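Next comes run17.txt, with compact mmCIF, C-alpha atoms.
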# COMPACT_ATOMS: atom_id res chain seq x y z
CA MET A 1 -28.14 -16.73 24.04
CA PRO A 2 -27.34 -17.04 20.32
CA VAL A 3 -29.86 -15.43 18.01
CA ALA A 4 -31.68 -17.86 15.70
CA VAL A 5 -30.43 -17.54 12.13
CA GLU A 6 -33.85 -16.62 10.75
CA ARG A 7 -34.16 -13.74 13.24
CA GLN A 8 -30.57 -12.50 13.14
CA THR A 9 -30.20 -8.91 11.97
CA VAL A 10 -27.45 -7.63 9.70
CA ALA A 11 -26.03 -5.65 12.63
CA GLN A 12 -25.87 -8.74 14.85
CA PHE A 13 -24.19 -10.73 12.10
CA LEU A 14 -21.63 -8.01 11.35
CA ASP A 15 -20.69 -7.69 15.02
CA ASN A 16 -20.16 -11.44 15.23
CA TRP A 17 -18.21 -11.53 11.96
CA LEU A 18 -15.87 -8.76 13.10
CA GLU A 19 -15.09 -10.50 16.38
CA THR A 20 -14.86 -14.13 15.25
CA VAL A 21 -13.45 -13.79 11.74
CA VAL A 22 -11.88 -10.40 11.02
CA LYS A 23 -10.16 -9.90 14.37
CA GLN A 24 -8.72 -13.42 14.24
CA ASN A 25 -7.43 -13.34 10.67
CA THR A 26 -6.36 -9.79 9.80
CA ARG A 27 -4.00 -7.13 11.03
CA PRO A 28 -5.27 -4.99 13.91
CA ARG A 29 -5.32 -1.94 11.65
CA THR A 30 -7.48 -3.77 9.10
CA TYR A 31 -9.88 -4.78 11.86
CA ASP A 32 -10.07 -1.17 13.06
CA SER A 33 -10.89 0.01 9.54
CA TYR A 34 -13.61 -2.63 9.01
CA ALA A 35 -15.12 -1.93 12.42
CA GLN A 36 -15.20 1.81 11.80
CA VAL A 37 -16.94 1.45 8.42
CA THR A 38 -19.43 -0.98 9.96
CA ARG A 39 -20.18 1.39 12.82
CA LEU A 40 -20.44 4.55 10.73
CA TYR A 41 -22.14 3.33 7.57
CA LEU A 42 -23.27 -0.29 7.40
CA THR A 43 -25.08 -0.67 10.71
CA PRO A 44 -26.97 2.65 10.57
CA ALA A 45 -28.09 2.01 6.98
CA ILE A 46 -28.97 -1.69 6.86
CA GLY A 47 -28.30 -3.06 10.34
CA ARG A 48 -31.98 -3.30 11.27
CA HIS A 49 -32.84 -5.69 8.41
CA GLN A 50 -32.98 -9.39 9.05
CA LEU A 51 -29.96 -11.02 7.45
CA ALA A 52 -32.05 -13.66 5.68
CA LYS A 53 -34.26 -10.96 4.14
CA LEU A 54 -31.55 -8.55 2.99
CA GLU A 55 -32.14 -7.66 -0.66
CA PRO A 56 -30.02 -5.99 -3.39
CA GLN A 57 -32.27 -2.91 -3.27
CA HIS A 58 -31.35 -2.43 0.40
CA VAL A 59 -27.68 -2.34 -0.54
CA GLN A 60 -28.34 -0.04 -3.49
CA GLY A 61 -30.39 2.30 -1.31
CA MET A 62 -27.59 2.41 1.25
CA MET A 63 -25.02 3.30 -1.40
CA ASN A 64 -27.21 6.01 -2.91
CA ALA A 65 -27.79 7.56 0.50
CA LEU A 66 -24.09 7.50 1.37
CA LEU A 67 -23.17 9.15 -1.90
CA LYS A 68 -25.79 11.84 -1.36
CA GLU A 69 -25.56 12.62 2.34
CA GLY A 70 -23.46 10.02 4.15
CA GLY A 71 -20.66 12.31 5.28
CA LYS A 72 -20.27 14.92 7.99
CA GLY A 73 -22.83 17.68 7.91
CA GLY A 74 -24.98 15.84 5.41
CA THR A 75 -22.41 15.99 2.62
CA GLY A 76 -21.96 13.01 0.35
CA LEU A 77 -19.18 10.49 0.75
CA SER A 78 -16.66 9.95 -2.01
CA ALA A 79 -17.28 7.17 -4.50
CA ARG A 80 -14.11 5.47 -3.26
CA THR A 81 -15.39 5.37 0.34
CA VAL A 82 -18.77 4.01 -0.74
CA ALA A 83 -17.09 1.38 -2.91
CA TYR A 84 -14.93 0.38 0.08
CA THR A 85 -18.05 0.11 2.26
CA ARG A 86 -19.69 -2.17 -0.29
CA ALA A 87 -16.51 -4.25 -0.52
CA ILE A 88 -16.53 -4.87 3.25
CA LEU A 89 -20.19 -5.88 3.14
CA ARG A 90 -19.50 -8.18 0.20
CA LYS A 91 -16.67 -9.84 2.11
CA ALA A 92 -18.84 -10.30 5.18
CA LEU A 93 -21.70 -11.79 3.18
CA ASN A 94 -19.30 -14.14 1.41
CA GLN A 95 -18.64 -15.61 4.83
CA VAL A 96 -22.29 -16.07 5.70
CA VAL A 97 -22.87 -17.76 2.33
CA LYS A 98 -20.02 -20.18 3.15
CA TRP A 99 -21.70 -20.86 6.47
CA GLY A 100 -24.87 -21.79 4.58
CA GLN A 101 -27.03 -19.22 6.38
CA VAL A 102 -28.09 -17.38 3.20
CA PRO A 103 -28.21 -18.69 -0.37
CA ARG A 104 -26.63 -15.69 -2.13
CA ASN A 105 -24.48 -12.64 -1.59
CA VAL A 106 -26.74 -9.69 -2.40
CA ALA A 107 -23.81 -7.23 -2.35
CA THR A 108 -22.39 -8.86 -5.48
CA LEU A 109 -25.64 -8.11 -7.30
CA VAL A 110 -25.12 -4.36 -6.91
CA ASP A 111 -22.46 -2.55 -8.91
CA PRO A 112 -20.05 -0.32 -6.97
CA PRO A 113 -19.95 3.39 -7.84
CA LYS A 114 -17.43 4.36 -10.45
CA THR A 115 -14.24 5.71 -8.93
CA LYS A 116 -11.48 7.75 -10.51
CA ARG A 117 -8.16 5.95 -10.43
CA HIS A 118 -5.21 7.90 -9.13
CA GLN A 119 -3.28 9.05 -12.17
CA ILE A 120 0.34 8.12 -11.68
CA ALA A 121 3.17 9.93 -13.42
CA PRO A 122 6.26 8.05 -12.22
CA LEU A 123 9.55 9.85 -11.87
CA THR A 124 11.83 9.70 -14.88
CA PRO A 125 15.49 8.72 -14.44
CA ASP A 126 16.49 12.39 -14.58
CA GLN A 127 13.93 13.26 -11.90
CA GLY A 128 15.11 10.39 -9.73
CA ARG A 129 18.69 11.63 -9.99
CA ALA A 130 17.54 15.15 -9.11
CA LEU A 131 15.85 13.85 -5.97
CA LEU A 132 18.93 11.91 -4.89
CA ALA A 133 21.15 14.93 -5.54
CA VAL A 134 19.14 16.96 -3.02
CA VAL A 135 19.51 14.35 -0.26
CA GLN A 136 23.16 13.56 -0.98
CA GLY A 137 25.03 13.57 2.32
CA HIS A 138 21.84 13.84 4.38
CA ARG A 139 21.26 11.29 7.15
CA LEU A 140 18.27 9.95 5.20
CA GLU A 141 20.03 9.58 1.85
CA GLY A 142 20.11 5.81 2.28
CA LEU A 143 16.39 5.74 3.01
CA TYR A 144 15.54 7.49 -0.25
CA ARG A 145 17.93 5.27 -2.20
CA VAL A 146 16.32 2.13 -0.76
CA ALA A 147 12.78 3.38 -1.45
CA LEU A 148 13.58 4.45 -5.02
CA SER A 149 15.76 1.47 -5.93
CA LEU A 150 13.78 -1.37 -4.32
CA GLY A 151 10.24 0.03 -4.26
CA LEU A 152 9.71 -0.54 -0.56
CA ARG A 153 6.56 0.91 0.98
CA MET A 154 6.96 3.63 3.58
CA GLY A 155 6.10 1.24 6.42
CA GLU A 156 8.56 -1.36 5.13
CA THR A 157 11.29 1.27 4.83
CA LEU A 158 10.73 2.72 8.29
CA GLY A 159 10.45 -0.76 9.83
CA LEU A 160 13.66 -2.07 8.26
CA ARG A 161 16.01 -3.51 10.91
CA TRP A 162 19.75 -4.09 10.75
CA GLU A 163 19.13 -7.76 11.50
CA ASP A 164 17.36 -7.90 8.13
CA VAL A 165 20.31 -6.42 6.21
CA ASP A 166 23.35 -8.53 5.35
CA LEU A 167 26.11 -6.21 4.19
CA ASP A 168 28.42 -9.18 3.56
CA THR A 169 26.17 -11.05 1.14
CA GLY A 170 24.51 -7.88 -0.18
CA THR A 171 20.92 -8.83 0.63
CA LEU A 172 18.00 -7.16 2.37
CA ARG A 173 15.06 -9.03 3.89
CA VAL A 174 11.61 -7.44 4.12
CA ALA A 175 10.18 -9.08 7.24
CA VAL A 176 8.18 -6.38 9.05
CA ALA A 177 6.62 -2.98 8.46
CA LEU A 178 6.08 -0.03 10.76
CA GLN A 179 2.39 0.69 11.31
CA ARG A 180 0.57 3.24 13.42
CA ARG A 181 -2.49 2.07 15.37
CA LYS A 182 -4.42 4.02 17.97
CA GLY A 183 -1.65 6.50 18.65
CA SER A 184 1.21 4.01 18.90
CA ARG A 185 3.71 2.58 16.42
CA GLU A 186 4.25 -1.14 16.06
CA LEU A 187 6.07 -3.54 13.75
CA VAL A 188 3.79 -5.98 11.93
CA GLU A 189 4.47 -8.83 9.54
CA PRO A 190 3.56 -8.53 5.85
CA LYS A 191 0.02 -9.44 4.88
CA THR A 192 1.05 -12.20 2.47
CA HIS A 193 3.81 -14.77 2.03
CA GLN A 194 5.00 -12.87 -1.04
CA GLY A 195 5.35 -9.74 1.09
CA ARG A 196 8.13 -11.47 3.04
CA ARG A 197 10.95 -11.31 0.54
CA THR A 198 14.74 -11.16 0.25
CA LEU A 199 16.17 -8.63 -2.20
CA SER A 200 19.61 -8.26 -3.71
CA LEU A 201 21.44 -4.99 -3.17
CA SER A 202 23.26 -3.26 -6.01
CA SER A 203 26.85 -2.18 -5.45
CA VAL A 204 25.75 1.46 -5.21
CA LEU A 205 23.00 0.67 -2.71
CA LEU A 206 25.33 -1.54 -0.70
CA ALA A 207 27.90 1.25 -0.48
CA ALA A 208 25.19 3.71 0.56
CA LEU A 209 24.00 1.43 3.37
CA ARG A 210 27.55 0.88 4.62
CA ALA A 211 28.11 4.64 4.73
CA HIS A 212 24.75 5.03 6.44
CA ARG A 213 25.72 2.44 9.05
CA THR A 214 28.91 4.34 9.84
CA ARG A 215 27.03 7.64 10.10
CA GLN A 216 24.45 6.07 12.40
CA LEU A 217 27.13 4.75 14.76
CA GLU A 218 28.55 8.27 14.96
CA GLU A 219 25.08 9.64 15.73
CA ARG A 220 24.61 7.04 18.43
CA LEU A 221 27.88 7.97 20.12
CA ALA A 222 27.04 11.67 19.93
CA ALA A 223 23.55 11.11 21.38
CA GLY A 224 24.87 9.20 24.37
CA PRO A 225 22.21 8.07 26.87
CA THR A 226 19.41 9.77 24.92
CA TRP A 227 19.77 7.17 22.14
CA LYS A 228 17.06 4.51 22.40
CA ASP A 229 18.31 1.70 20.22
CA GLN A 230 15.57 -0.26 18.48
CA GLY A 231 17.75 -1.85 15.83
CA LEU A 232 16.23 0.21 13.02
CA VAL A 233 18.13 1.03 9.85
CA PHE A 234 16.42 4.41 9.45
CA PRO A 235 15.54 5.70 12.93
CA SER A 236 15.08 9.22 14.24
CA THR A 237 18.03 11.19 15.61
CA VAL A 238 17.52 9.44 18.97
CA GLY A 239 17.14 5.88 17.66
CA THR A 240 13.36 5.57 17.79
CA ALA A 241 11.08 4.94 14.82
CA ILE A 242 10.51 7.92 12.55
CA GLU A 243 6.95 9.20 12.61
CA PRO A 244 5.49 8.66 9.10
CA ARG A 245 4.08 12.18 8.93
CA ASN A 246 7.55 13.57 9.72
CA LEU A 247 9.02 11.61 6.82
CA THR A 248 6.23 12.87 4.58
CA ARG A 249 7.01 16.45 5.63
CA HIS A 250 10.70 15.96 4.86
CA PHE A 251 9.87 14.31 1.53
CA LYS A 252 7.75 17.27 0.45
CA GLY A 253 10.67 19.59 1.21
CA VAL A 254 12.98 17.42 -0.88
CA LEU A 255 10.57 17.54 -3.81
CA GLN A 256 10.36 21.31 -3.61
CA ALA A 257 14.13 21.70 -3.42
CA ALA A 258 14.56 19.41 -6.43
CA GLY A 259 11.87 21.20 -8.44
CA LEU A 260 9.84 18.02 -8.76
CA PRO A 261 6.05 17.51 -8.87
CA ASN A 262 4.16 17.20 -5.58
CA ILE A 263 3.92 13.41 -5.52
CA ARG A 264 3.33 10.99 -2.63
CA PHE A 265 6.11 9.02 -0.96
CA HIS A 266 4.35 5.87 -2.20
CA ASP A 267 4.94 7.10 -5.75
CA LEU A 268 8.63 6.25 -5.30
CA ARG A 269 7.41 2.64 -5.35
CA HIS A 270 5.62 3.30 -8.64
CA ALA A 271 8.79 4.89 -9.97
CA ALA A 272 10.94 1.91 -9.03
CA ALA A 273 8.62 -0.54 -10.76
CA SER A 274 8.24 1.62 -13.85
CA LEU A 275 11.97 2.20 -14.21
CA LEU A 276 12.72 -1.51 -13.80
CA VAL A 277 10.22 -2.42 -16.52
CA ALA A 278 11.57 0.33 -18.77
CA GLN A 279 15.06 -1.18 -18.38
CA GLY A 280 13.76 -4.52 -19.63
CA VAL A 281 13.50 -6.34 -16.28
CA HIS A 282 11.00 -9.20 -16.59
CA PRO A 283 7.61 -8.36 -14.99
CA ARG A 284 7.77 -11.49 -12.81
CA VAL A 285 11.05 -10.31 -11.31
CA VAL A 286 9.49 -6.89 -10.69
CA MET A 287 6.54 -8.65 -9.04
CA GLU A 288 8.89 -10.49 -6.68
CA ILE A 289 10.80 -7.31 -5.82
CA LEU A 290 7.57 -5.50 -4.96
CA GLY A 291 6.16 -8.46 -3.04
CA HIS A 292 3.00 -8.87 -5.08
CA SER A 293 1.09 -12.14 -5.09
CA GLN A 294 -0.17 -11.79 -8.68
CA ILE A 295 1.66 -10.56 -11.75
CA SER A 296 -1.53 -8.92 -13.00
CA LEU A 297 -1.42 -6.53 -10.05
CA THR A 298 2.13 -5.58 -10.93
CA MET A 299 1.35 -4.98 -14.59
CA ASN A 300 -1.95 -3.17 -14.10
CA THR A 301 -0.86 -0.95 -11.22
CA TYR A 302 2.83 -0.27 -11.51
CA ALA A 303 4.11 -1.00 -14.99
CA HIS A 304 3.39 2.40 -16.46
CA VAL A 305 5.06 2.96 -19.80
CA LEU A 306 7.32 5.96 -19.64
CA PRO A 307 7.43 8.48 -22.50
CA GLU A 308 11.03 7.44 -23.23
CA THR A 309 9.91 3.82 -23.60
CA GLN A 310 7.11 4.84 -25.93
CA ARG A 311 9.58 6.69 -28.13
CA GLU A 312 11.88 3.65 -28.18
CA ALA A 313 8.94 1.49 -29.23
CA ALA A 314 8.13 3.91 -32.03
CA GLY A 315 11.78 3.75 -33.13
CA PHE A 316 11.67 -0.04 -33.26
CA MET A 317 8.72 0.15 -35.64
CA ASP A 318 10.69 2.49 -37.90
CA ILE A 319 13.43 -0.12 -38.09
CA LEU A 320 10.92 -2.84 -38.93
CA PHE A 321 9.05 -0.76 -41.49
CA PRO A 322 11.37 1.86 -43.00
CA ALA A 323 10.07 4.62 -45.25
CA SER A 324 9.26 3.51 -48.79
CA ARG A 325 11.67 4.54 -51.53
CA LEU A 326 9.07 4.18 -54.28
CA ALA A 327 8.90 7.23 -56.49
CA VAL A 328 5.68 9.21 -56.42
CA ASN A 329 3.99 9.49 -59.83
Just dump the structure as structure tokens.
Amino acid sequence: MPVAVERQTVAQFLDNWLETVVKQNTRPRTYDSYAQVTRLYLTPAIGRHQLAKLEPQHVQGMMNALLKEGGKGGTGLSARTVAYTRAILRKALNQVVKWGQVPRNVATLVDPPKTKRHQIAPLTPDQGRALLAVVQGHRLEGLYRVALSLGLRMGETLGLRWEDVDLDTGTLRVAVALQRRKGSRELVEPKTHQGRRTLSLSSVLLAALRAHRTRQLEERLAAGPTWKDQGLVFPSTVGTAIEPRNLTRHFKGVLQAAGLPNIRFHDLRHAAASLLVAQGVHPRVVMEILGHSQISLTMNTYAHVLPETQREAAGFMDILFPASRLAVN
């Protein structure tokens, strides 16, 4: 029997929201994440309260407790985790407001904890060339060139299929991404319409992919019956999808060999965007290459001004306002 709205608890509402809204409208991995946060943090902290009587102080008290002792062994959770927990609650309560069951979203009346943004130092052109020099001739050279030149995410790179690459027209279509969920790997569609995009390949990248295709055919012949063809552009040595953690391990070795900072694979995406902007590519074009839905996200997150660009800007100002030739009295 459905619970009357006035008697429904936060826990009962969240369970219903997860099943009828989140599960139906998001990726399975997103649902898993929301469900885990609800089970670990939201329900234990505020689940007993009646939904109609939930107040901002309840949310604030939950956040304070999570920051102080919400983790394993009574340690506090990170500000980022607590902010994410609040964001999920805010999204859930937005739904119940739309349904007309409560007049306001109390989560919006509580400020999230301040979080430290990840400081990004994108690779310079020289560093990018050093990375590519290390992988030259390696079976994954094409993978690193695609990631660094087009800014594909790791999942998009590992999920790239030959059916999405047209070597005749020189285009690449981002249609799926490799994602791990509950111990298995699966290909999923992009979250947004903008995430599904077709990109042009440079002559260098096109040549690299053609060479990679030839090398892969040779690998397939050498592997014989052990090759499990899944149509992937960058598979393992037996044709199956590369495990993300294995790519991360290889990437760290490449960085060390090239003498580069210990960055994340995702930072190749930052590097691609930053280098494109530094070369004068319009931000909207960069936005389309990255698959963002809003140009503000592109500018605020990825368009980091490189030191070389800053020096160029300073030089432009010298041209506009040259040193005065007036004699000093």
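If you measure from each of A:Val233, A:Tyr31, A:Thr9, A:Glu19 to A:Ile46 using all atoms listed in the file, the closest one turns out to be A:Thr9.
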#### Entry: Å distance separating atom CA of A:Leu150 from atom CA of A:His138, one decimal place
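The value is 19.3 Å.
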### Between atom CA of A:Gln95 and atom CA of A:Pro190, distance in Å (one decimal)
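A separation of 23.3 Å between them.
You can rank A:Asn105, A:Gln12, A:Ser78, A:Thr124 by their closest distance to A:Leu66 using all atoms listed in the file, and at the top of that list sits A:Ser78.
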### Query
For the atom pair atom CA of A:Leu158 and atom CA of A:Gly239, what is the interatomic distance in Å to one decimal place?
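Between atom CA of A:Leu158 and atom CA of A:Gly239 the gap works out to 11.8 Å.
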Local residues around (14.3, 2.5, 11.5), at most 7 Å away, using all atoms listed in the file, as a PDB file with C-alpha atoms, in the coordinates of the input:
ATOM      1  CA  LEU A 158      10.730   2.720   8.290  1.00  0.00           C
ATOM      2  CA  GLY A 159      10.450  -0.760   9.830  1.00  0.00           C
ATOM      3  CA  LEU A 160      13.660  -2.070   8.260  1.00  0.00           C
ATOM      4  CA  ARG A 161      16.010  -3.510  10.910  1.00  0.00           C
ATOM      5  CA  LEU A 232      16.230   0.210  13.020  1.00  0.00           C
ATOM      6  CA  VAL A 233      18.130   1.030   9.850  1.00  0.00           C
ATOM      7  CA  PHE A 234      16.420   4.410   9.450  1.00  0.00           C
ATOM      8  CA  PRO A 235      15.540   5.700  12.930  1.00  0.00           C
ATOM      9  CA  ALA A 241      11.080   4.940  14.820  1.00  0.00           C
ATOM     10  CA  ILE A 242      10.510   7.920  12.550  1.00  0.00           C
TER      11      ILE A 242
END
### Task
Go through A:His58, A:Arg80, A:Lys68, A:Arg129 one by one, measure the shortest atom-to-atom distance of each to A:Val106 using all atoms listed in the file, and give the residue with the smallest value.
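Among the listed residues, the smallest separation from A:Val106 belongs to A:His58.
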Given 4 Å on each side, where is the centre and what are the edge lengths in Å to one decimal of the axis-aligned box enclosing the listed atoms of stretch 122-126 of chain A, as JSON?
{"center_x": 11.4, "center_y": 10.2, "center_z": -13.4, "size_x": 18.2, "size_y": 12.3, "size_z": 11.0}
#### Entry: A:Ala107, A:Tyr144, A:Leu67, A:Arg29 ranked by distance to A:Leu187, top pick (using all atoms listed in the file)
A:Arg29
Near stretch 170-182 of chain A, 12 Å: stretch 5-46 of chain A residue rows, closest pairs, all atoms listed in the file, as a tab-separated table:
residue	atom	partner	partner_atom	distance
A:Arg27	CA	A:Gln179	CA	10.1
A:Pro28	CA	A:Arg181	CA	7.7
A:Arg29	CA	A:Arg181	CA	6.2
A:Thr30	CA	A:Arg181	CA	9.9
A:Tyr31	CA	A:Arg181	CA	10.7
A:Asp32	CA	A:Arg181	CA	8.6
A:Ser33	CA	A:Arg181	CA	10.4
### Task
For A:Gly142, work out the shell of residues within 12 Å, counting only C-alpha atoms and skipping chain neighbours fewer than 6 positions away, then give it as a ChimeraX atom specification.
/A:132,135-136,148-150,157-158,160,204-216,233-235
File dump, residues just selected, C-alpha atoms, as a JSON list (two decimals), in the coordinates of the input:
[["chain", "number", "residue", "atom", "x", "y", "z"],
["A", 132, "LEU", "CA", 18.93, 11.91, -4.89],
["A", 135, "VAL", "CA", 19.51, 14.35, -0.26],
["A", 136, "GLN", "CA", 23.16, 13.56, -0.98],
["A", 148, "LEU", "CA", 13.58, 4.45, -5.02],
["A", 149, "SER", "CA", 15.76, 1.47, -5.93],
["A", 150, "LEU", "CA", 13.78, -1.37, -4.32],
["A", 157, "THR", "CA", 11.29, 1.27, 4.83],
["A", 158, "LEU", "CA", 10.73, 2.72, 8.29],
["A", 160, "LEU", "CA", 13.66, -2.07, 8.26],
["A", 204, "VAL", "CA", 25.75, 1.46, -5.21],
["A", 205, "LEU", "CA", 23.00, 0.67, -2.71],
["A", 206, "LEU", "CA", 25.33, -1.54, -0.70],
["A", 207, "ALA", "CA", 27.90, 1.25, -0.48],
["A", 208, "ALA", "CA", 25.19, 3.71, 0.56],
["A", 209, "LEU", "CA", 24.00, 1.43, 3.37],
["A", 210, "ARG", "CA", 27.55, 0.88, 4.62],
["A", 211, "ALA", "CA", 28.11, 4.64, 4.73],
["A", 212, "HIS", "CA", 24.75, 5.03, 6.44],
["A", 213, "ARG", "CA", 25.72, 2.44, 9.05],
["A", 214, "THR", "CA", 28.91, 4.34, 9.84],
["A", 215, "ARG", "CA", 27.03, 7.64, 10.10],
["A", 216, "GLN", "CA", 24.45, 6.07, 12.40],
["A", 233, "VAL", "CA", 18.13, 1.03, 9.85],
["A", 234, "PHE", "CA", 16.42, 4.41, 9.45],
["A", 235, "PRO", "CA", 15.54, 5.70, 12.93]]
Show me, as an mmCIF file with C-alpha atoms, keeping the file's coordinate frame, the residues that have an atom within 9 Å of A:Pro122 when counting only C-alpha atoms, minus same-chain residues fewer than 3 positions from it.
data_model
loop_
_atom_site.group_PDB
_atom_site.id
_atom_site.type_symbol
_atom_site.label_atom_id
_atom_site.label_comp_id
_atom_site.auth_asym_id
_atom_site.auth_seq_id
_atom_site.Cartn_x
_atom_site.Cartn_y
_atom_site.Cartn_z
ATOM 1 C CA ILE A 263 3.920 13.410 -5.520
ATOM 2 C CA ASP A 267 4.940 7.100 -5.750
ATOM 3 C CA LEU A 268 8.630 6.250 -5.300
ATOM 4 C CA ARG A 269 7.410 2.640 -5.350
ATOM 5 C CA HIS A 270 5.620 3.300 -8.640
ATOM 6 C CA ALA A 271 8.790 4.890 -9.970
ATOM 7 C CA ALA A 272 10.940 1.910 -9.030
ATOM 8 C CA SER A 274 8.240 1.620 -13.850
ATOM 9 C CA LEU A 275 11.970 2.200 -14.210
ATOM 10 C CA HIS A 304 3.390 2.400 -16.460
ATOM 11 C CA LEU A 306 7.320 5.960 -19.640
#
Would you mind listing what lies within 10 Å of A:Ala35 as a tab-separated table (two decimals) with C-alpha atoms, keeping the file's coordinate frame, with all atoms listed in the file counted and same-chain residues fewer than 5 positions away left out?
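Once written, part12.tsv looks like this:
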chain	number	residue	atom	x	y	z
A	14	LEU	CA	-21.63	-8.01	11.35
A	15	ASP	CA	-20.69	-7.69	15.02
A	18	LEU	CA	-15.87	-8.76	13.10
A	19	GLU	CA	-15.09	-10.50	16.38
A	22	VAL	CA	-11.88	-10.40	11.02
A	23	LYS	CA	-10.16	-9.90	14.37
A	29	ARG	CA	-5.32	-1.94	11.65
A	30	THR	CA	-7.48	-3.77	9.10
A	40	LEU	CA	-20.44	4.55	10.73
A	42	LEU	CA	-23.27	-0.29	7.40
A	88	ILE	CA	-16.53	-4.87	3.25
### Residue list as a list in words for point (-25.8, -5.6, -6.9), cut-off 10 Å, all atoms listed in the file
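Applying the cut-off with all atoms listed in the file, one gets Glu55, Pro56, Gln57, His58, Val59, Gln60, Arg86, Arg90, Asn105, Val106, Ala107, Thr108, Leu109, Val110, Asp111 and Pro112 of chain A.
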Restricting the output to C-alpha atoms, write the selected residues as an mmCIF file, keeping the file's coordinate frame.
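Result went into selection_33.cif, see below:
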data_model
loop_
_atom_site.group_PDB
_atom_site.id
_atom_site.type_symbol
_atom_site.label_atom_id
_atom_site.label_comp_id
_atom_site.auth_asym_id
_atom_site.auth_seq_id
_atom_site.Cartn_x
_atom_site.Cartn_y
_atom_site.Cartn_z
ATOM 1 C CA GLU A 55 -32.140 -7.660 -0.660
ATOM 2 C CA PRO A 56 -30.020 -5.990 -3.390
ATOM 3 C CA GLN A 57 -32.270 -2.910 -3.270
ATOM 4 C CA HIS A 58 -31.350 -2.430 0.400
ATOM 5 C CA VAL A 59 -27.680 -2.340 -0.540
ATOM 6 C CA GLN A 60 -28.340 -0.040 -3.490
ATOM 7 C CA ARG A 86 -19.690 -2.170 -0.290
ATOM 8 C CA ARG A 90 -19.500 -8.180 0.200
ATOM 9 C CA ASN A 105 -24.480 -12.640 -1.590
ATOM 10 C CA VAL A 106 -26.740 -9.690 -2.400
ATOM 11 C CA ALA A 107 -23.810 -7.230 -2.350
ATOM 12 C CA THR A 108 -22.390 -8.860 -5.480
ATOM 13 C CA LEU A 109 -25.640 -8.110 -7.300
ATOM 14 C CA VAL A 110 -25.120 -4.360 -6.910
ATOM 15 C CA ASP A 111 -22.460 -2.550 -8.910
ATOM 16 C CA PRO A 112 -20.050 -0.320 -6.970
#
### Query
Nearest to A:Leu260: which of A:Thr169, A:Ser184, A:Gln127, A:Thr192 is it, counting all atoms listed in the file?
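Among the listed residues, the smallest separation from A:Leu260 belongs to A:Gln127.
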